[in-house]
>>> print(open('coords_7.cif').read())   # mmCIF, C-alpha atoms
data_upload
#
loop_
_atom_site.label_atom_id
_atom_site.label_comp_id
_atom_site.auth_asym_id
_atom_site.auth_seq_id
_atom_site.Cartn_x
_atom_site.Cartn_y
_atom_site.Cartn_z
CA MET A 1 8.40 -71.72 -14.29
CA ARG A 2 10.22 -74.74 -15.69
CA PRO A 3 13.57 -74.37 -17.52
CA ASN A 4 13.52 -74.45 -21.32
CA PRO A 5 15.31 -77.73 -22.16
CA THR A 6 16.05 -76.68 -25.74
CA LEU A 7 17.96 -73.47 -24.93
CA ALA A 8 21.75 -73.87 -24.74
CA PRO A 9 24.92 -72.45 -26.30
CA SER A 10 26.22 -74.09 -29.45
CA THR A 11 29.31 -76.25 -29.27
CA ALA A 12 31.32 -73.48 -30.92
CA GLU A 13 30.10 -71.00 -28.28
CA ARG A 14 30.98 -73.45 -25.51
CA ILE A 15 34.48 -73.75 -26.95
CA ARG A 16 34.83 -69.97 -27.08
CA ASN A 17 33.68 -69.74 -23.46
CA ALA A 18 36.04 -72.47 -22.30
CA CYS A 19 38.96 -70.78 -24.05
CA VAL A 20 38.40 -67.40 -22.41
CA HIS A 21 37.97 -69.07 -19.01
CA ALA A 22 40.90 -71.48 -19.37
CA ASP A 23 43.61 -70.99 -16.74
CA HIS A 24 46.01 -73.63 -18.08
CA ALA A 25 47.23 -74.42 -21.58
CA THR A 26 49.91 -76.52 -23.27
CA LEU A 27 51.08 -76.67 -26.90
CA ALA A 28 51.98 -80.12 -28.22
CA LEU A 29 54.16 -80.59 -31.32
CA PRO A 30 55.45 -83.90 -32.71
CA GLY A 31 58.68 -85.16 -31.17
CA ILE A 32 59.07 -82.59 -28.38
CA ASP A 33 57.74 -82.10 -24.87
CA PRO A 34 54.59 -79.95 -24.55
CA ALA A 35 55.44 -76.26 -24.41
CA THR A 36 54.61 -74.06 -21.43
CA ILE A 37 52.10 -71.35 -22.37
CA THR A 38 52.11 -67.98 -20.57
CA VAL A 39 49.41 -66.34 -22.72
CA HIS A 40 46.80 -67.90 -24.98
CA HIS A 41 44.13 -66.13 -26.99
CA LEU A 42 41.65 -67.50 -29.51
CA ARG A 43 41.12 -64.56 -31.84
CA GLN A 44 37.84 -63.76 -33.56
CA CYS A 45 39.47 -64.28 -36.95
CA GLY A 46 39.84 -67.93 -36.02
CA ASP A 47 43.50 -68.40 -35.20
CA ALA A 48 45.09 -68.75 -31.75
CA VAL A 49 48.06 -66.75 -30.51
CA VAL A 50 50.24 -68.18 -27.73
CA ALA A 51 53.27 -66.88 -25.87
CA VAL A 52 56.02 -69.39 -25.04
CA PRO A 53 59.51 -69.03 -23.53
CA MET A 54 62.10 -68.00 -26.11
CA ASP A 55 64.17 -71.11 -25.41
CA SER A 56 61.22 -73.48 -25.88
CA PRO A 57 61.83 -76.24 -28.45
CA ALA A 58 58.44 -75.28 -29.91
CA VAL A 59 59.93 -72.01 -31.16
CA ALA A 60 62.65 -73.76 -33.16
CA ALA A 61 60.20 -76.38 -34.45
CA ALA A 62 57.78 -73.72 -35.67
CA ALA A 63 60.61 -71.83 -37.39
CA ARG A 64 61.72 -75.00 -39.21
CA GLY A 65 58.18 -75.42 -40.50
CA GLY A 66 58.40 -72.19 -42.46
CA GLU A 67 55.28 -70.59 -43.91
CA GLY A 68 53.41 -73.87 -43.82
CA GLY A 69 54.04 -74.38 -40.12
CA VAL A 70 54.00 -77.70 -38.30
CA GLN A 71 51.17 -79.80 -36.92
CA ALA A 72 50.26 -78.87 -33.35
CA VAL A 73 47.53 -79.20 -30.74
CA LEU A 74 46.73 -76.53 -28.17
CA GLU A 75 45.07 -78.02 -25.08
CA LEU A 76 43.18 -75.69 -22.74
CA THR A 77 41.68 -76.47 -19.34
CA ASP A 78 38.66 -74.60 -18.02
CA ARG A 79 38.44 -74.87 -14.22
CA THR A 80 35.69 -73.73 -11.90
CA PRO A 81 36.51 -70.70 -9.70
CA LEU A 82 35.07 -72.62 -6.73
CA ALA A 83 36.86 -75.16 -4.53
CA LEU A 84 35.00 -78.20 -5.83
CA ARG A 85 36.05 -81.83 -5.61
CA GLU A 86 36.60 -81.98 -9.38
CA PRO A 87 37.61 -78.50 -10.56
CA VAL A 88 37.75 -79.15 -14.32
CA ARG A 89 34.65 -77.97 -16.19
CA ALA A 90 35.86 -78.59 -19.74
CA LEU A 91 38.86 -79.44 -21.90
CA VAL A 92 39.42 -78.00 -25.37
CA TRP A 93 41.79 -79.22 -28.08
CA LEU A 94 42.53 -76.81 -30.93
CA ARG A 95 44.21 -78.60 -33.84
CA GLY A 96 46.07 -77.04 -36.73
CA ARG A 97 49.49 -75.83 -37.84
CA VAL A 98 51.65 -73.57 -35.70
CA ARG A 99 53.78 -70.87 -37.35
CA ALA A 100 56.55 -68.62 -36.09
CA VAL A 101 55.81 -64.89 -35.87
CA PRO A 102 58.55 -62.69 -37.44
CA ALA A 103 60.54 -60.70 -34.89
CA GLY A 104 59.52 -57.42 -36.50
CA THR A 105 55.81 -58.06 -35.94
CA GLN A 106 55.96 -59.60 -32.46
CA ARG A 107 55.10 -56.39 -30.61
CA LEU A 108 52.43 -55.42 -33.15
CA LEU A 109 50.72 -58.77 -32.68
CA ALA A 110 51.09 -58.53 -28.89
CA SER A 111 49.37 -55.13 -29.00
CA ALA A 112 46.56 -56.50 -31.15
CA VAL A 113 46.02 -59.37 -28.70
CA ALA A 114 46.09 -56.94 -25.75
CA GLU A 115 43.16 -55.02 -27.21
CA ASP A 116 40.95 -58.07 -26.65
CA HIS A 117 42.93 -59.84 -23.93
CA PRO A 118 45.06 -57.42 -21.86
CA HIS A 119 47.18 -60.04 -20.11
CA PRO A 120 50.18 -58.66 -18.15
CA ALA A 121 52.46 -61.42 -19.49
CA LEU A 122 52.21 -59.82 -22.94
CA LEU A 123 54.74 -57.28 -21.66
CA ASP A 124 57.33 -60.09 -21.69
CA VAL A 125 56.98 -60.65 -25.44
CA GLY A 126 60.30 -59.86 -27.11
CA HIS A 127 62.16 -60.15 -23.82
CA THR A 128 61.67 -63.60 -22.28
CA THR A 129 58.82 -64.95 -24.43
CA THR A 130 57.87 -65.08 -28.08
CA LEU A 131 54.55 -65.41 -29.90
CA LEU A 132 53.44 -68.28 -32.12
CA ARG A 133 50.27 -68.49 -34.25
CA LEU A 134 48.17 -71.63 -34.47
CA MET A 135 46.17 -71.77 -37.71
CA ILE A 136 43.23 -73.85 -36.52
CA ASN A 137 41.62 -76.58 -38.61
CA SER A 138 39.24 -78.02 -36.02
CA ALA A 139 38.35 -77.88 -32.34
CA VAL A 140 37.11 -80.48 -29.85
CA LEU A 141 35.35 -79.85 -26.54
CA ALA A 142 35.04 -82.45 -23.78
CA ASP A 143 32.97 -81.98 -20.63
CA SER A 144 30.58 -83.97 -18.46
CA THR A 145 28.15 -84.35 -21.38
CA GLY A 146 30.71 -85.97 -23.69
CA ALA A 147 32.94 -84.78 -26.53
CA GLU A 148 31.98 -82.76 -29.60
CA SER A 149 33.94 -81.22 -32.46
CA VAL A 150 33.40 -78.14 -34.62
CA CYS A 151 34.94 -76.93 -37.84
CA HIS A 152 36.99 -73.76 -38.19
CA ALA A 153 34.15 -71.86 -39.90
CA ASP A 154 31.73 -72.45 -36.99
CA LEU A 155 34.40 -71.46 -34.48
CA ARG A 156 35.10 -68.23 -36.35
CA GLU A 157 31.40 -67.28 -36.33
CA ALA A 158 30.90 -67.92 -32.61
CA ARG A 159 31.36 -65.31 -29.88
CA PRO A 160 32.25 -65.70 -26.20
CA ASP A 161 29.42 -65.27 -23.73
CA PRO A 162 28.83 -61.56 -22.95
CA PHE A 163 29.08 -62.23 -19.20
CA TRP A 164 32.26 -64.29 -19.17
CA GLU A 165 34.39 -61.68 -17.39
CA LEU A 166 31.90 -61.45 -14.50
CA GLU A 167 31.07 -65.14 -14.20
CA ALA A 168 33.73 -66.10 -11.64
CA ALA A 169 32.73 -63.34 -9.22
CA TRP A 170 29.03 -64.20 -9.60
CA LEU A 171 29.60 -67.91 -8.93
CA GLN A 172 31.72 -67.18 -5.86
CA HIS A 173 29.14 -64.70 -4.57
CA MET A 174 26.25 -67.08 -5.13
CA ASP A 175 28.05 -70.02 -3.53
CA ALA A 176 29.25 -68.07 -0.48
CA ASP A 177 26.31 -65.75 0.20
CA HIS A 178 23.19 -67.16 -1.46
CA ALA A 179 22.70 -70.73 -0.29
CA ASP A 180 18.96 -69.93 -0.32
CA VAL A 181 19.06 -69.18 -4.05
CA VAL A 182 21.03 -72.36 -4.79
CA ALA A 183 18.53 -74.36 -2.72
CA GLN A 184 15.64 -72.92 -4.75
CA LEU A 185 17.41 -73.71 -8.02
CA ALA A 186 17.96 -77.26 -6.75
CA ARG A 187 14.20 -77.83 -6.86
CA HIS A 188 14.62 -78.32 -10.61
CA LEU A 189 17.02 -81.24 -10.08
CA PRO A 190 15.96 -84.88 -10.26
CA THR A 191 14.86 -86.06 -6.82
CA ARG A 192 17.73 -88.54 -6.57
CA LEU A 193 20.30 -85.71 -6.77
CA ARG A 194 18.82 -83.29 -4.24
CA GLY A 195 20.60 -84.90 -1.30
CA GLY A 196 24.08 -84.12 -2.61
CA ALA A 197 26.24 -81.05 -2.07
CA ILE A 198 25.02 -78.53 -4.67
CA HIS A 199 27.09 -75.64 -6.05
CA PRO A 200 26.70 -73.22 -8.98
CA LEU A 201 29.05 -74.35 -11.74
CA ALA A 202 28.53 -71.96 -14.66
CA ILE A 203 26.40 -69.00 -15.74
CA ASP A 204 25.89 -67.74 -19.29
CA ARG A 205 23.28 -65.94 -21.35
CA TYR A 206 21.36 -69.18 -21.84
CA GLY A 207 21.20 -70.55 -18.30
CA ILE A 208 22.88 -71.84 -15.15
CA SER A 209 24.69 -75.13 -14.52
CA LEU A 210 24.81 -76.78 -11.10
CA ARG A 211 27.40 -79.27 -9.82
CA VAL A 212 26.01 -81.97 -7.53
CA GLU A 213 28.60 -83.84 -5.47
CA THR A 214 27.21 -87.15 -4.16
CA ASP A 215 28.99 -89.90 -2.26
CA GLU A 216 29.38 -91.91 -5.46
CA GLU A 217 30.15 -89.32 -8.16
CA ASP A 218 29.63 -85.80 -9.47
CA HIS A 219 26.75 -84.70 -11.69
CA ASP A 220 26.45 -81.53 -13.77
CA VAL A 221 22.92 -80.35 -14.50
CA ARG A 222 22.00 -77.43 -16.73
CA LEU A 223 18.98 -75.20 -16.04
CA SER A 224 18.16 -73.13 -19.11
CA PHE A 225 16.39 -69.78 -19.18
CA GLN A 226 13.19 -69.36 -21.16
CA THR A 227 14.93 -66.99 -23.60
CA PRO A 228 18.54 -65.80 -24.04
CA VAL A 229 19.46 -62.73 -21.99
CA GLU A 230 21.47 -59.76 -23.20
CA ASP A 231 22.28 -57.63 -20.16
CA ILE A 232 22.72 -57.84 -16.39
CA GLN A 233 19.14 -56.77 -15.66
CA SER A 234 17.60 -59.47 -17.86
CA LEU A 235 20.07 -62.03 -16.51
CA SER A 236 19.11 -61.22 -12.92
CA ARG A 237 15.42 -61.49 -13.77
CA ALA A 238 15.92 -64.83 -15.55
CA VAL A 239 17.68 -66.21 -12.46
CA ARG A 240 14.86 -64.97 -10.21
CA ILE A 241 12.28 -66.63 -12.46
CA LEU A 242 14.18 -69.93 -12.24
CA VAL A 243 14.29 -69.52 -8.47
CA GLY A 244 10.53 -69.13 -8.52
CA CYS A 245 10.00 -65.52 -7.53
CA PRO A 246 10.48 -62.73 -10.11
CA PHE A 247 10.50 -60.19 -7.23
CA LEU A 248 13.23 -61.90 -5.18
CA HIS A 249 16.09 -59.49 -4.44
CA GLY A 250 18.64 -62.12 -3.45
CA MET A 251 20.58 -61.72 -6.70
CA ARG A 252 20.52 -57.92 -6.81
CA ARG A 253 24.33 -57.76 -6.35
CA MET A 254 25.00 -59.73 -9.53
#
>>> encode(input="coords_7.cif", output="structure tokens")
Amino acid sequence: MRPNPTLAPSTAERIRNACVHADHATLALPGIDPATITVHHLRQCGDAVVAVPMDSPAVAAAARGGEGGVQAVLELTDRTPLALREPVRALVWLRGRVRAVPAGTQRLLASAVAEDHPHPALLDVGHTTTLLRLMINSAVLADSTGAESVCHADLREARPDPFWELEAAWLQHMDADHADVVAQLARHLPTRLRGGAIHPLAIDRYGISLRVETDEEDHDVRLSFQTPVEDIQSLSRAVRILVGCPFLHGMRRM
């Protein structure tokens, strides 16, 4: 069965996914060096919360901005969990105004973030780090397909992919233990790309992306499912259908 070329996440969903996967982030404010970020979280309400060292110039700059905040850009880097030649899958820039968080509400906000994003570095808030809020106006995503922007309203409506927490383990498992499955998926690639080194790059409810490393350059190719999937069972079946055998058990450990 051929992939459905029209099925894909929206740009806002892709931004949400890149943000939850991002392993590196910096906060840029006018006139100072980019701030080191220990925790970043794009909340469903549409703002972003970041933790920075207490002595960061960004903290003082945000405080000087008062209730209106100061212009800032949060840059996030989404990297593949595999050891590929080019590890970056996507870059996201969240633009808006960053505000200081009052000392009395730091721990309350850290607890609220932990409910969705239980990062161990949140325990440092109030001790060695402090939280800032970025009130987002717009967001830009850049990947191998180009760059696209979305407004704050679209970003607020989007949700991260339901499988994002499991994706890294699935990709590593597929790449290390299921070369046969990857080879079957590669049958959907253009003939000119089938001679390259092929690895799984991303999995979501809409499909699978493959990274093809050739002598000249890298190529990312998306293989979409026929319909969106909602649970692990339907995801496993959709992968098997793409592979070409709905009864194949090679992905049963997903």
>>> residues_around(input="coords_7.cif", residues="Leu29 of chain A", least_positions_apart="5", cutoff="12 Å", atoms="all atoms listed in the file", output="PyMOL selection string")
chain A and resi 34-36+56-62+65+69-75+95-99+134
>>> atom_distance(input="coords_7.cif", atom1="atom CA of Val20 of chain A", atom2="atom CA of Asp231 of chain A")
19.0 Å
>>> atom_distance(input="coords_7.cif", atom1="atom CA of Ala8 of chain A", atom2="atom CA of Gln172 of chain A")
22.4 Å
>>> atom_distance(input="coords_7.cif", atom1="atom CA of Gly104 of chain A", atom2="atom CA of Met135 of chain A")
19.6 Å
>>> closest_atom_pairs(input="coords_7.cif", of="segment 64-136 of chain A", to="segment 198-203 of chain A", cutoff="9 Å", atoms="only C-alpha atoms", output="JSON lines")
{"residue": "A:Thr80", "atom": "CA", "partner": "A:Leu201", "partner_atom": "CA", "distance": 6.7}
{"residue": "A:Pro81", "atom": "CA", "partner": "A:Leu201", "partner_atom": "CA", "distance": 8.6}
{"residue": "A:Leu82", "atom": "CA", "partner": "A:Leu201", "partner_atom": "CA", "distance": 8.0}
{"residue": "A:Leu84", "atom": "CA", "partner": "A:His199", "partner_atom": "CA", "distance": 8.3}
{"residue": "A:Arg89", "atom": "CA", "partner": "A:Leu201", "partner_atom": "CA", "distance": 8.0}
>>> residues_near_point(input="coords_7.cif", point="(24.8, -88.9, -2.5)", cutoff="6 Å", atoms="only C-alpha atoms", output="list in words")
Gly195, Gly196, Thr214 and Asp215 of chain A
>>> write_last_selection(input="coords_7.cif", atoms="C-alpha atoms", output="compact mmCIF listing (two decimals), in the coordinates of the input")
# COMPACT_ATOMS: atom_id res chain seq x y z
CA GLY A 195 20.60 -84.90 -1.30
CA GLY A 196 24.08 -84.12 -2.61
CA THR A 214 27.21 -87.15 -4.16
CA ASP A 215 28.99 -89.90 -2.26
>>> residues_near_point(input="coords_7.cif", point="(28.9, -89.5, -10.3)", cutoff="12 Å", atoms="only C-alpha atoms", output="PyMOL selection string")
chain A and resi 85-86+144+192-193+196+211-221
>>> write_last_selection(input="coords_7.cif", atoms="C-alpha atoms", output="PDB file, in the frame of the given file")
ATOM      1  CA  ARG A  85      36.050 -81.830  -5.610  1.00  0.00           C
ATOM      2  CA  GLU A  86      36.600 -81.980  -9.380  1.00  0.00           C
ATOM      3  CA  SER A 144      30.580 -83.970 -18.460  1.00  0.00           C
ATOM      4  CA  ARG A 192      17.730 -88.540  -6.570  1.00  0.00           C
ATOM      5  CA  LEU A 193      20.300 -85.710  -6.770  1.00  0.00           C
ATOM      6  CA  GLY A 196      24.080 -84.120  -2.610  1.00  0.00           C
ATOM      7  CA  ARG A 211      27.400 -79.270  -9.820  1.00  0.00           C
ATOM      8  CA  VAL A 212      26.010 -81.970  -7.530  1.00  0.00           C
ATOM      9  CA  GLU A 213      28.600 -83.840  -5.470  1.00  0.00           C
ATOM     10  CA  THR A 214      27.210 -87.150  -4.160  1.00  0.00           C
ATOM     11  CA  ASP A 215      28.990 -89.900  -2.260  1.00  0.00           C
ATOM     12  CA  GLU A 216      29.380 -91.910  -5.460  1.00  0.00           C
ATOM     13  CA  GLU A 217      30.150 -89.320  -8.160  1.00  0.00           C
ATOM     14  CA  ASP A 218      29.630 -85.800  -9.470  1.00  0.00           C
ATOM     15  CA  HIS A 219      26.750 -84.700 -11.690  1.00  0.00           C
ATOM     16  CA  ASP A 220      26.450 -81.530 -13.770  1.00  0.00           C
ATOM     17  CA  VAL A 221      22.920 -80.350 -14.500  1.00  0.00           C
TER      18      VAL A 221
END
>>> closest_residue(input="coords_7.cif", among="A:Ala168, A:Ser10, A:Phe163, A:Val101", to="Ser234 of chain A", atoms="all atoms listed in the file")
A:Phe163
>>> closest_residue(input="coords_7.cif", among="A:Asp23, A:Asp47, A:Asp180, A:Asp78", to="Ala153 of chain A", atoms="all atoms listed in the file")
A:Asp47
>>> resolve_selection(input="coords_7.cif", expression="the PyMOL selection byres ((chain A and resi 141) around 12)", output="ChimeraX atom specification")
/A:10-19,74-78,89-95,138-140,142-151,155
>>> closest_residue(input="coords_7.cif", among="A:Gly66, A:Leu210, A:Ile232, A:Asp116", to="Met174 of chain A", atoms="all atoms listed in the file")
A:Leu210
>>> closest_residue(input="coords_7.cif", among="A:Pro190, A:Ala63, A:Ala25, A:Ile208", to="Leu132 of chain A", atoms="only C-alpha atoms")
A:Ala63
